[in-house]
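Just below is one structure, and these are the notes that go with it.
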Amino acid sequence: MSIVIKNGRVIDPASQTDRVADVLIVDGRIAGVAPNLSSPAAEAYDATGMIVAPGFIDMHVHLREPGFEHAENIESGSRAAAAGGFTSICCMPNTKPINDSPTVTSYIVERARSQAVVNVFPIGAITKGSAGEELAAIGAMKAAGAVAISDDGQPVMNSRVMRRAMEFARSYDLPLIDHCEDLNLSAGGDMHEGVKSVRWGLRGIPAASEDVMVARDLLLAQLTGARYHVAHISTRNAVAMVEQARRHGVAVTCETTPHHFTLSDDQMPPYDSNYKMKPPLRSCGHRSAVVDGIVAGIIGVIATDHAPHAGSEKMQEFERCPFGIIGLETALALALEELVHPGKITLNRMVELFTTGPDTVMRLGRGTLAPGAPGDVTVFSTDLAWTYDLNRSESRSRNSPFDGRAFRGGPMATVVNGQFVWKRG
Amino acid sequence: MNPGLLGIEELDRAAIEALLTRAREYQPLQSQSLKKLDTLRGKMIVNLFYEASTRTRTSFEIAAKRLGADAVSITASGSSVSKGESLVDTLNTLAAMRPDAIVMRHAASGAPHFLARHLPTPIINAGDGTHEHPTQALLDARTILDRRPSLEGLRVAIIGDIAHSRVARSNVHLLAKFGAQIVLCGPPSLLPVELKDLAPEVTLTNDIREAIRDADVIMMLRVQLERQHEAAFPASEYFRFYGLRLEHLELAKPDAIVMHPGPINRGRELSSEVADFQRSVILNQVENGIAVRMAVLEKVIG
């Protein structure tokens with residue numbers, strides 16, 4: 001079984017490749033990148049005029065299985081990933097039950113093996129039940145397939161517990177990913193604290209609630225030597241602190257989401273729950289600090305924080321609606337629209353943010369088209385005109401602020417382990 | 001679009017002036033012996049109150065009846081709300097009964113705005129969370145204009161828990177549209193600096209004396225002592241620093257009036273003497289509430 005992707009512009013930052021060539025994949029592995037490759041019986045895909053890149057990695061998604069399959073499951077979430085050009089996704093542990101034991105980790109791995117069309121890597125909880133008190137079975141979860149630990153969404157408030165967690169993460173050589181939010185400062189908040197929240201009478205989530213936790217975590221990462229990753233960074237101070245800590249030798253990385261580099265609270269229609277997420281859409285000043293952080297290389301990963309919620313859950317009073325939006329299918333197009341087309345970053349840099357960036361954090365051994373690497377390929381266009389139609393989403397949920405948005409450029413075909421799992425219809 | 005009344009912010013000056021003028025025309029009716037008109041005969045209004053309210057609900061009900069409309073009032077307890085039905089399902093059920101308008105009060109900011117996107121029935125906002133209370137601002141403006149020729153240039157002090165006050169927000173929007181100078185005053189935790197951006201001509205102070213100095217109008221807001229549990233302010237010293245007392249009034253213009261949206265807490269946000277003060281117009285506000293709500297119902301349904 002082999003496929004050959006013909007005549008595309010191959011961009012593989014890991015091997016410093018940027019040229020028109022063919023990509024040959026044999027038996028699920030990259031067999032070669034060169035002009036005029038062919039193989040008898042290879043399925044050919046004409047990528048003329050398109051970009052051929054290593055398979056994109058989204059290191060921050062919520063697949064909702066087990067426990068919330070009405071909103072998403074591993075199968076539907078993986079199809080949405082494939083339609084967005086992602087070949088590998090890492091799923092957060094806030095399922096029901098929470099992924100805080102090797103039993104749940106193994107269940108997700110097994111379900112993914114039979115149901116998922118892309119590679120699925122589970123992230124284990126930091127603490128039991130993500131309750132922030134007792135450490136979860138971190139080593140056993142790693143043995144069962146967990147690639148990182150995080151209490152995403154229910155961050156560890158107790159600094160002593162976080163310190164211990166970092167010590168274990170370091171000894172197991174796992175990255176620790178933190179959703180940085182001081183829950184006391186953000187209590188009851190529904191959107192960024194600022195002019196809009198005050199105008200609309202909504203309780204605010206101050207930028208300081210993120211900054212305080214990033215500061216604490218950076219000090220603990222320095223103390224413990226853990227590999228520490230800031231999830232969905234969204235504030236000016238947080239970006240500055242990460243940059244400073246890195247200069248002082250702290251092993252810190254960070255990601256941001258497409259919605260945080262695209263939207264700010266002033267673009268939000270009043271009380272529209274498709275704009276409600278954590279961290280909240282910040283002011284335009286914070287948004288530009290995030291964009292600057294990407295440009296400066298402080299932020300090395302784009303991750304979607306794909307967070308499906310069933311329609312009825314988002315059809316409520318704003319303050320009762322859950323936080324989060326889906327994002328797998330729009331991430332690449334938003335990165336092109338917001339970062340590449342305006343000339344803020346190069347196409348090669350964008351590919352890094354989706355491949356080597358997350359692979360550096362998660363160490364999946366993916367994100368490259370080097371010979372012998374897993375046969376994961378993302379083919380995309382930089383000029384295809386298309387419109388996002390939420391009703392045709394592969395996700396089970398419909399919570400996106402980008403419905404009906406017209407894009408220039410987007411995914412064309414997705415290859416996982418040497419097989420086409422999605423092609424633009 | 002749902003042509004109800006969601007807030008003052010979206011209204012232009014002309015729309016507000018039309019409502020205030022119409023309300024003035026309805027004022028004499030309130031003291032006649034025969035108070036009922038047939039302007040809205042055959043129309044049905046549902047008052048849906050998800051928060052306890054005596055004065056606003058009664059005021060809307062009386063306004064509807066004086067216009068000849070039928071009014072049904074529903075309160076949250078003892079309704080489908082306590083059976084776990086979602087807000088949008090409840091409203092769809094009510095809308096299917098074809099009322100001509102739904103008057104709604106809800107504890108969640110934006111609840112009426114959310115419903116207006118999904119319902120054909122006009123929705124009149126009778127107070128949403130800490131966002132807006134448009135008919136309160138209209139009746140406050142009517143009450144001021146009964147004593148002053150115009151709002152322009154008036155100095156209006158609004159004092160109390162501004163952060164959580166829908167009355168304050170609606171009043172700021174209305175007064176600013178007519179060129180009043182607005183001073184917002186309260187303890188720092190209840191007076192976020194972003195309030196300055198609500199409208200032009202808004203200033204903030206933590207000093208009640210500075211707020212009252214040369215004021216034409218003093219609007220006191222209700223203070224909820226429960227907020228002290230959020231560490232919002234030390235309740236034990238609230239009255240000392242933010243309660244309105246008679247001696248404060250000497251700082252204001254000699255003919256300044258004192259307003260309060262009610263229900264008042266004597267000894268908490270204002271002294272008992274101030275509540276009974278001759279230039280306190282609290283009961284006039286209540287009376288104007290009916291005339292203003294008649295104007296609103298007529299505009300929305302008529």
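Identifiers for the structure tokens are assigned positionally: chains receive A, B, ... in sequence, residues are indexed from 1 per chain, and ligands are indexed from 1 in the order shown.
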
Next item on the list: Name all residues at most 12 Å from His248 (chain B) (count only C-alpha atoms; drop same-chain ones fewer than 3 positions away) and give them as JSON, numbers by chain.
Entry: {"B": [207, 208, 209, 210, 211, 212, 213, 214, 215, 218, 240, 241, 242, 243, 244, 245, 251, 252, 253, 254, 256, 258, 270, 271, 273, 274]}

Excluding Arg169 (chain B) and residues on its chain fewer than 4 positions from it, collect all residues at most 8 Å away from it, counting only C-alpha atoms, and give them as a short mmCIF file (atom, residue, chain, number, x, y, z; two decimals) with C-alpha atoms, in the first residue's frame.
data_model
loop_
_atom_site.label_atom_id
_atom_site.label_comp_id
_atom_site.auth_asym_id
_atom_site.auth_seq_id
_atom_site.Cartn_x
_atom_site.Cartn_y
_atom_site.Cartn_z
CA ARG A 199 -21.15 47.73 29.79
CA HIS B 131 -27.23 45.22 32.74
CA GLU B 132 -30.24 47.47 32.05
CA HIS B 133 -33.59 48.49 33.44
CA ILE B 162 -22.78 50.98 40.57
CA SER B 165 -26.75 48.26 39.14
CA HIS B 173 -27.11 55.86 28.85
CA LEU B 198 -20.14 53.76 29.32
#

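Every chain B residue lying within 8 Å of chain A, based on only C-alpha atoms, is listed here: Ser86, Leu87, Val88, Ala108, Ser109, Gly110, Ala111, His113, Phe114, Gly129, Thr130, His131, Glu132, Ala163, His164, Arg166, Arg169, Pro192, Glu194, Leu195, Asp197 and Leu198 of chain B.
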
Can you list every residue in region 58-299 of chain B that DSSP puts in helix (DSSP H, G or I), as a PDB file with C-alpha atoms, in the first residue's frame?
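Just written: result_1.pdb:
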ATOM      1  CA  THR B  58     -47.389  45.700  39.670  1.00  0.00           C
ATOM      2  CA  SER B  59     -46.559  48.836  37.740  1.00  0.00           C
ATOM      3  CA  PHE B  60     -46.469  46.996  34.414  1.00  0.00           C
ATOM      4  CA  GLU B  61     -49.674  45.173  35.275  1.00  0.00           C
ATOM      5  CA  ILE B  62     -51.498  48.377  36.139  1.00  0.00           C
ATOM      6  CA  ALA B  63     -50.108  50.122  33.056  1.00  0.00           C
ATOM      7  CA  ALA B  64     -51.408  47.304  30.853  1.00  0.00           C
ATOM      8  CA  LYS B  65     -54.831  47.367  32.473  1.00  0.00           C
ATOM      9  CA  ARG B  66     -55.151  51.146  32.262  1.00  0.00           C
ATOM     10  CA  SER B  80     -42.295  25.379  34.826  1.00  0.00           C
ATOM     11  CA  VAL B  81     -39.050  27.083  35.834  1.00  0.00           C
ATOM     12  CA  SER B  82     -38.934  25.045  39.014  1.00  0.00           C
ATOM     13  CA  LYS B  83     -39.519  21.920  36.915  1.00  0.00           C
ATOM     14  CA  LEU B  87     -35.598  29.589  29.509  1.00  0.00           C
ATOM     15  CA  VAL B  88     -35.950  29.346  25.745  1.00  0.00           C
ATOM     16  CA  ASP B  89     -38.436  26.456  26.045  1.00  0.00           C
ATOM     17  CA  THR B  90     -40.522  28.363  28.566  1.00  0.00           C
ATOM     18  CA  LEU B  91     -40.568  31.407  26.333  1.00  0.00           C
ATOM     19  CA  ASN B  92     -41.428  29.395  23.241  1.00  0.00           C
ATOM     20  CA  THR B  93     -44.340  27.889  25.136  1.00  0.00           C
ATOM     21  CA  LEU B  94     -45.573  31.314  26.153  1.00  0.00           C
ATOM     22  CA  ALA B  95     -45.038  32.696  22.655  1.00  0.00           C
ATOM     23  CA  ALA B  96     -47.207  29.888  21.276  1.00  0.00           C
ATOM     24  CA  ALA B 111     -31.417  37.089  29.022  1.00  0.00           C
ATOM     25  CA  PRO B 112     -33.997  39.201  27.114  1.00  0.00           C
ATOM     26  CA  HIS B 113     -31.465  39.917  24.345  1.00  0.00           C
ATOM     27  CA  PHE B 114     -30.823  36.200  23.958  1.00  0.00           C
ATOM     28  CA  LEU B 115     -34.545  35.468  23.783  1.00  0.00           C
ATOM     29  CA  ALA B 116     -35.222  38.284  21.354  1.00  0.00           C
ATOM     30  CA  PRO B 134     -34.859  50.751  30.660  1.00  0.00           C
ATOM     31  CA  THR B 135     -38.280  51.672  32.035  1.00  0.00           C
ATOM     32  CA  GLN B 136     -36.657  52.735  35.314  1.00  0.00           C
ATOM     33  CA  ALA B 137     -34.410  55.190  33.471  1.00  0.00           C
ATOM     34  CA  LEU B 138     -37.399  56.497  31.530  1.00  0.00           C
ATOM     35  CA  LEU B 139     -39.440  57.064  34.653  1.00  0.00           C
ATOM     36  CA  ASP B 140     -36.456  58.710  36.331  1.00  0.00           C
ATOM     37  CA  ALA B 141     -36.074  61.055  33.373  1.00  0.00           C
ATOM     38  CA  ARG B 142     -39.796  61.802  33.452  1.00  0.00           C
ATOM     39  CA  THR B 143     -39.554  62.584  37.163  1.00  0.00           C
ATOM     40  CA  ILE B 144     -36.602  64.939  36.656  1.00  0.00           C
ATOM     41  CA  LEU B 145     -38.289  66.646  33.715  1.00  0.00           C
ATOM     42  CA  ARG B 166     -28.918  47.980  36.041  1.00  0.00           C
ATOM     43  CA  VAL B 167     -30.630  51.188  37.135  1.00  0.00           C
ATOM     44  CA  ALA B 168     -27.321  53.034  36.991  1.00  0.00           C
ATOM     45  CA  ARG B 169     -26.422  51.706  33.547  1.00  0.00           C
ATOM     46  CA  SER B 170     -29.764  52.624  31.992  1.00  0.00           C
ATOM     47  CA  ASN B 171     -29.706  56.047  33.599  1.00  0.00           C
ATOM     48  CA  VAL B 172     -26.159  56.732  32.423  1.00  0.00           C
ATOM     49  CA  HIS B 173     -27.106  55.864  28.848  1.00  0.00           C
ATOM     50  CA  LEU B 174     -30.223  58.009  28.935  1.00  0.00           C
ATOM     51  CA  LEU B 175     -28.779  61.030  30.715  1.00  0.00           C
ATOM     52  CA  ALA B 176     -25.661  61.059  28.543  1.00  0.00           C
ATOM     53  CA  LYS B 177     -27.752  61.101  25.372  1.00  0.00           C
ATOM     54  CA  PRO B 188     -13.751  51.221  44.776  1.00  0.00           C
ATOM     55  CA  SER B 189     -14.791  47.582  44.424  1.00  0.00           C
ATOM     56  CA  LEU B 190     -18.254  48.612  43.243  1.00  0.00           C
ATOM     57  CA  VAL B 193     -12.885  52.277  36.157  1.00  0.00           C
ATOM     58  CA  GLU B 194     -14.353  50.977  32.893  1.00  0.00           C
ATOM     59  CA  LEU B 195     -17.641  52.661  33.844  1.00  0.00           C
ATOM     60  CA  LYS B 196     -16.095  55.861  32.510  1.00  0.00           C
ATOM     61  CA  ASP B 197     -16.397  54.384  29.024  1.00  0.00           C
ATOM     62  CA  LEU B 198     -20.138  53.762  29.322  1.00  0.00           C
ATOM     63  CA  ILE B 208     -19.717  61.070  48.342  1.00  0.00           C
ATOM     64  CA  ARG B 209     -19.168  64.740  49.156  1.00  0.00           C
ATOM     65  CA  GLU B 210     -17.432  65.345  45.880  1.00  0.00           C
ATOM     66  CA  ALA B 211     -20.241  63.534  44.076  1.00  0.00           C
ATOM     67  CA  ILE B 212     -22.974  65.593  45.694  1.00  0.00           C
ATOM     68  CA  LEU B 225     -25.310  43.584  52.122  1.00  0.00           C
ATOM     69  CA  GLU B 226     -24.916  40.056  50.704  1.00  0.00           C
ATOM     70  CA  ARG B 227     -22.154  41.437  48.514  1.00  0.00           C
ATOM     71  CA  GLN B 228     -19.881  41.670  51.529  1.00  0.00           C
ATOM     72  CA  HIS B 229     -19.416  37.903  51.217  1.00  0.00           C
ATOM     73  CA  GLU B 230     -17.645  38.520  47.900  1.00  0.00           C
ATOM     74  CA  ALA B 235     -20.507  46.356  55.348  1.00  0.00           C
ATOM     75  CA  SER B 236     -19.931  47.718  58.824  1.00  0.00           C
ATOM     76  CA  GLU B 237     -18.726  51.075  57.516  1.00  0.00           C
ATOM     77  CA  TYR B 238     -20.836  51.418  54.377  1.00  0.00           C
ATOM     78  CA  PHE B 239     -23.336  53.905  55.759  1.00  0.00           C
ATOM     79  CA  ARG B 240     -20.591  55.985  57.316  1.00  0.00           C
ATOM     80  CA  PHE B 241     -18.878  56.593  53.989  1.00  0.00           C
ATOM     81  CA  TYR B 242     -21.585  56.129  51.361  1.00  0.00           C
ATOM     82  CA  LEU B 246     -29.234  65.448  55.541  1.00  0.00           C
ATOM     83  CA  GLU B 247     -25.989  67.373  56.046  1.00  0.00           C
ATOM     84  CA  HIS B 248     -24.765  66.114  52.659  1.00  0.00           C
ATOM     85  CA  LEU B 249     -27.633  67.862  50.955  1.00  0.00           C
ATOM     86  CA  SER B 272     -34.531  57.938  57.381  1.00  0.00           C
ATOM     87  CA  GLU B 273     -34.622  61.755  57.396  1.00  0.00           C
ATOM     88  CA  VAL B 274     -33.474  61.871  53.804  1.00  0.00           C
ATOM     89  CA  ALA B 275     -36.078  59.314  52.761  1.00  0.00           C
ATOM     90  CA  ILE B 282     -39.214  58.611  45.523  1.00  0.00           C
ATOM     91  CA  LEU B 283     -42.997  58.270  45.439  1.00  0.00           C
ATOM     92  CA  ASN B 284     -43.255  60.485  42.364  1.00  0.00           C
ATOM     93  CA  GLN B 285     -40.955  58.015  40.657  1.00  0.00           C
ATOM     94  CA  VAL B 286     -43.330  55.205  41.504  1.00  0.00           C
ATOM     95  CA  GLU B 287     -46.284  57.165  40.168  1.00  0.00           C
ATOM     96  CA  ASN B 288     -44.479  58.042  36.952  1.00  0.00           C
ATOM     97  CA  GLY B 289     -43.613  54.389  36.517  1.00  0.00           C
ATOM     98  CA  ILE B 290     -47.152  53.652  35.408  1.00  0.00           C
ATOM     99  CA  ALA B 291     -47.346  56.530  32.921  1.00  0.00           C
ATOM    100  CA  VAL B 292     -43.973  55.617  31.433  1.00  0.00           C
ATOM    101  CA  ARG B 293     -44.840  51.934  31.143  1.00  0.00           C
ATOM    102  CA  MET B 294     -48.134  52.827  29.472  1.00  0.00           C
ATOM    103  CA  ALA B 295     -46.134  54.790  26.890  1.00  0.00           C
ATOM    104  CA  VAL B 296     -43.776  51.847  26.374  1.00  0.00           C
ATOM    105  CA  LEU B 297     -46.534  49.255  26.041  1.00  0.00           C
ATOM    106  CA  GLU B 298     -48.408  51.469  23.620  1.00  0.00           C
ATOM    107  CA  LYS B 299     -45.273  51.999  21.542  1.00  0.00           C
TER     108      LYS B 299
END

Checklist line | Non-local contacts of Ile326 (chain A) (6 Å; only C-alpha atoms; under 5 positions in same chain excluded) as a count of residues only | finding: 5

Next item on the list: In Å, rounded to a single decimal, give me how far CA of Ala80 (chain A) is from CA of Leu328 (chain A).
Entry: 6.1 Å

Notebook entry, point to check: DSSP on the backbone: what in region 18-227 of chain B comes out strand (DSSP E), as a ChimeraX atom specification?
Noted result: /B:44-49,70-75,101-106,123-128,155-159,181-185,202-205,217-220

Got time to write the residues from that selection, C-alpha atoms, as an mmCIF file, in the first residue's frame?
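Output (result.cif):
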data_model
loop_
_atom_site.group_PDB
_atom_site.id
_atom_site.type_symbol
_atom_site.label_atom_id
_atom_site.label_comp_id
_atom_site.auth_asym_id
_atom_site.auth_seq_id
_atom_site.Cartn_x
_atom_site.Cartn_y
_atom_site.Cartn_z
ATOM 1 C CA MET B 44 -52.552 40.385 25.862
ATOM 2 C CA ILE B 45 -49.408 41.052 27.875
ATOM 3 C CA VAL B 46 -47.480 38.429 29.808
ATOM 4 C CA ASN B 47 -45.380 39.583 32.737
ATOM 5 C CA LEU B 48 -42.715 36.969 33.304
ATOM 6 C CA PHE B 49 -40.721 37.642 36.436
ATOM 7 C CA ASP B 70 -55.244 41.960 29.541
ATOM 8 C CA ALA B 71 -52.241 41.090 31.655
ATOM 9 C CA VAL B 72 -51.086 37.795 33.067
ATOM 10 C CA SER B 73 -48.283 37.682 35.589
ATOM 11 C CA ILE B 74 -46.062 34.694 36.114
ATOM 12 C CA THR B 75 -43.409 34.447 38.795
ATOM 13 C CA ALA B 101 -45.686 41.311 24.294
ATOM 14 C CA ILE B 102 -43.709 39.635 27.029
ATOM 15 C CA VAL B 103 -42.451 41.795 29.860
ATOM 16 C CA MET B 104 -39.513 40.021 31.418
ATOM 17 C CA ARG B 105 -37.317 40.380 34.441
ATOM 18 C CA HIS B 106 -34.421 37.978 34.791
ATOM 19 C CA ILE B 123 -39.844 41.493 24.655
ATOM 20 C CA ILE B 124 -39.821 44.388 27.080
ATOM 21 C CA ASN B 125 -36.913 44.269 29.458
ATOM 22 C CA ALA B 126 -38.072 44.861 33.027
ATOM 23 C CA GLY B 127 -34.533 44.455 34.351
ATOM 24 C CA ASP B 128 -31.842 41.994 33.263
ATOM 25 C CA ARG B 155 -25.327 67.461 37.259
ATOM 26 C CA VAL B 156 -26.565 64.047 38.335
ATOM 27 C CA ALA B 157 -24.858 62.036 41.080
ATOM 28 C CA ILE B 158 -25.535 58.300 41.157
ATOM 29 C CA ILE B 159 -24.340 56.772 44.405
ATOM 30 C CA GLN B 181 -23.072 65.500 33.498
ATOM 31 C CA ILE B 182 -22.974 62.251 35.419
ATOM 32 C CA VAL B 183 -20.935 61.538 38.533
ATOM 33 C CA LEU B 184 -20.827 57.921 39.632
ATOM 34 C CA CYS B 185 -19.854 57.313 43.234
ATOM 35 C CA VAL B 202 -19.176 60.372 33.028
ATOM 36 C CA THR B 203 -16.809 60.908 35.942
ATOM 37 C CA LEU B 204 -16.076 58.624 38.877
ATOM 38 C CA THR B 205 -15.341 59.331 42.508
ATOM 39 C CA VAL B 217 -30.141 65.313 41.123
ATOM 40 C CA ILE B 218 -28.956 62.713 43.631
ATOM 41 C CA MET B 219 -29.853 59.139 42.764
ATOM 42 C CA MET B 220 -29.246 56.651 45.534
#

Next item on the list: Please provide as a count of residues only all residues within 8 Å of Thr87 (chain A), with the sequence filter that same-chain residues fewer than 2 positions apart are discarded (counting only C-alpha atoms).
Entry: 15

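The neighbours of Ser234 (chain A) here are the residues that come within 10 Å of it, using only C-alpha atoms and leaving out any residue fewer than 5 positions away in the same chain; they are Cys180, Ala207, Glu210, Asp211, Val239, Glu255, Thr256, Thr257, His259, His260, Phe261, Lys278, Pro279, Pro280, Leu281, Arg282, Ser283, His286, Arg287, Ser288, Ala289, Val290 and Val291 of chain A.
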
May I have the selected residues written with N, CA and C atoms, as a PDB file, in the first residue's frame?
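Listed below is the output, selection_6.pdb:
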ATOM      1  N   CYS A 180      -3.988  28.248  32.944  1.00  0.00           N
ATOM      2  CA  CYS A 180      -3.619  29.188  33.996  1.00  0.00           C
ATOM      3  C   CYS A 180      -4.765  30.123  34.339  1.00  0.00           C
ATOM      4  N   ALA A 207      -7.526  39.755  33.362  1.00  0.00           N
ATOM      5  CA  ALA A 207      -6.283  39.232  32.796  1.00  0.00           C
ATOM      6  C   ALA A 207      -5.355  38.774  33.921  1.00  0.00           C
ATOM      7  N   GLU A 210      -5.042  35.101  34.910  1.00  0.00           N
ATOM      8  CA  GLU A 210      -4.113  34.267  34.132  1.00  0.00           C
ATOM      9  C   GLU A 210      -2.664  34.569  34.541  1.00  0.00           C
ATOM     10  N   ASP A 211      -2.344  35.847  34.660  1.00  0.00           N
ATOM     11  CA  ASP A 211      -0.966  36.258  34.942  1.00  0.00           C
ATOM     12  C   ASP A 211      -0.457  35.690  36.266  1.00  0.00           C
ATOM     13  N   VAL A 239       2.590  36.460  28.203  1.00  0.00           N
ATOM     14  CA  VAL A 239       3.555  36.281  27.112  1.00  0.00           C
ATOM     15  C   VAL A 239       4.917  36.839  27.525  1.00  0.00           C
ATOM     16  N   GLU A 255       1.285  27.778  24.064  1.00  0.00           N
ATOM     17  CA  GLU A 255       0.457  27.716  22.864  1.00  0.00           C
ATOM     18  C   GLU A 255      -0.538  28.861  22.916  1.00  0.00           C
ATOM     19  N   THR A 256      -1.073  29.215  21.762  1.00  0.00           N
ATOM     20  CA  THR A 256      -2.273  30.046  21.758  1.00  0.00           C
ATOM     21  C   THR A 256      -3.249  29.444  20.772  1.00  0.00           C
ATOM     22  N   THR A 257      -4.478  29.943  20.819  1.00  0.00           N
ATOM     23  CA  THR A 257      -5.523  29.364  19.972  1.00  0.00           C
ATOM     24  C   THR A 257      -5.819  30.297  18.797  1.00  0.00           C
ATOM     25  N   HIS A 259      -8.684  31.409  18.002  1.00  0.00           N
ATOM     26  CA  HIS A 259      -9.618  32.488  18.372  1.00  0.00           C
ATOM     27  C   HIS A 259      -8.922  33.576  19.174  1.00  0.00           C
ATOM     28  N   HIS A 260      -7.878  33.226  19.928  1.00  0.00           N
ATOM     29  CA  HIS A 260      -7.205  34.290  20.686  1.00  0.00           C
ATOM     30  C   HIS A 260      -6.318  35.174  19.817  1.00  0.00           C
ATOM     31  N   PHE A 261      -5.826  34.646  18.684  1.00  0.00           N
ATOM     32  CA  PHE A 261      -5.082  35.572  17.813  1.00  0.00           C
ATOM     33  C   PHE A 261      -5.986  36.231  16.772  1.00  0.00           C
ATOM     34  N   LYS A 278     -12.832  30.003  27.809  1.00  0.00           N
ATOM     35  CA  LYS A 278     -11.765  30.332  28.746  1.00  0.00           C
ATOM     36  C   LYS A 278     -10.438  29.930  28.144  1.00  0.00           C
ATOM     37  N   PRO A 279      -9.424  30.781  28.264  1.00  0.00           N
ATOM     38  CA  PRO A 279      -9.569  32.167  28.699  1.00  0.00           C
ATOM     39  C   PRO A 279     -10.525  32.909  27.767  1.00  0.00           C
ATOM     40  N   PRO A 280     -11.099  33.988  28.273  1.00  0.00           N
ATOM     41  CA  PRO A 280     -12.051  34.715  27.435  1.00  0.00           C
ATOM     42  C   PRO A 280     -11.336  35.467  26.326  1.00  0.00           C
ATOM     43  N   LEU A 281     -12.080  35.874  25.324  1.00  0.00           N
ATOM     44  CA  LEU A 281     -11.510  36.777  24.319  1.00  0.00           C
ATOM     45  C   LEU A 281     -11.105  38.046  25.053  1.00  0.00           C
ATOM     46  N   ARG A 282      -9.840  38.400  24.936  1.00  0.00           N
ATOM     47  CA  ARG A 282      -9.329  39.550  25.678  1.00  0.00           C
ATOM     48  C   ARG A 282      -9.529  40.830  24.873  1.00  0.00           C
ATOM     49  N   SER A 283      -9.007  41.922  25.385  1.00  0.00           N
ATOM     50  CA  SER A 283      -9.095  43.192  24.663  1.00  0.00           C
ATOM     51  C   SER A 283      -8.171  43.148  23.449  1.00  0.00           C
ATOM     52  N   HIS A 286      -4.417  42.915  24.265  1.00  0.00           N
ATOM     53  CA  HIS A 286      -3.921  41.570  24.590  1.00  0.00           C
ATOM     54  C   HIS A 286      -3.822  40.725  23.321  1.00  0.00           C
ATOM     55  N   ARG A 287      -4.826  40.856  22.462  1.00  0.00           N
ATOM     56  CA  ARG A 287      -4.795  40.072  21.228  1.00  0.00           C
ATOM     57  C   ARG A 287      -3.542  40.420  20.421  1.00  0.00           C
ATOM     58  N   SER A 288      -3.217  41.697  20.322  1.00  0.00           N
ATOM     59  CA  SER A 288      -2.025  41.999  19.522  1.00  0.00           C
ATOM     60  C   SER A 288      -0.752  41.542  20.224  1.00  0.00           C
ATOM     61  N   ALA A 289      -0.759  41.501  21.563  1.00  0.00           N
ATOM     62  CA  ALA A 289       0.409  40.960  22.271  1.00  0.00           C
ATOM     63  C   ALA A 289       0.583  39.475  21.954  1.00  0.00           C
ATOM     64  N   VAL A 290      -0.540  38.766  21.806  1.00  0.00           N
ATOM     65  CA  VAL A 290      -0.473  37.350  21.444  1.00  0.00           C
ATOM     66  C   VAL A 290       0.091  37.204  20.024  1.00  0.00           C
ATOM     67  N   VAL A 291      -0.400  38.028  19.117  1.00  0.00           N
ATOM     68  CA  VAL A 291       0.120  37.973  17.739  1.00  0.00           C
ATOM     69  C   VAL A 291       1.612  38.294  17.739  1.00  0.00           C
TER      70      VAL A 291
END

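If you look at CA of Glu75 (chain A) and CA of Ile108 (chain A), they are 11.1 Å away from each other.
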
Item checked: Within 6 Å of region 67-71 of chain A using only C-alpha atoms, minus same-chain residues under 4 positions, as a list in words -> Thr95, Lys96, Pro308, His309, Ala310, Arg396 and Ser397 of chain A

Checklist line | Distance query region 37-53 of chain A at most 8 Å, only C-alpha atoms, self and fewer than 2 positions along chain excluded, as an MDAnalysis selection string | finding: chainID A and resid 1:12 22:24 32:35 55:56 351 368:369 377:382

Note to self: Report, in Å with one decimal, the straight-line distance from CA of Ile325 (chain A) to CA of Leu353 (chain A).
What the structure shows: 20.4 Å

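Among the candidates A:Val104, A:Ala296, A:Ala208, A:Leu390, the residue lying nearest to Gly124 (chain A) is A:Val104 (atoms considered: only C-alpha atoms).
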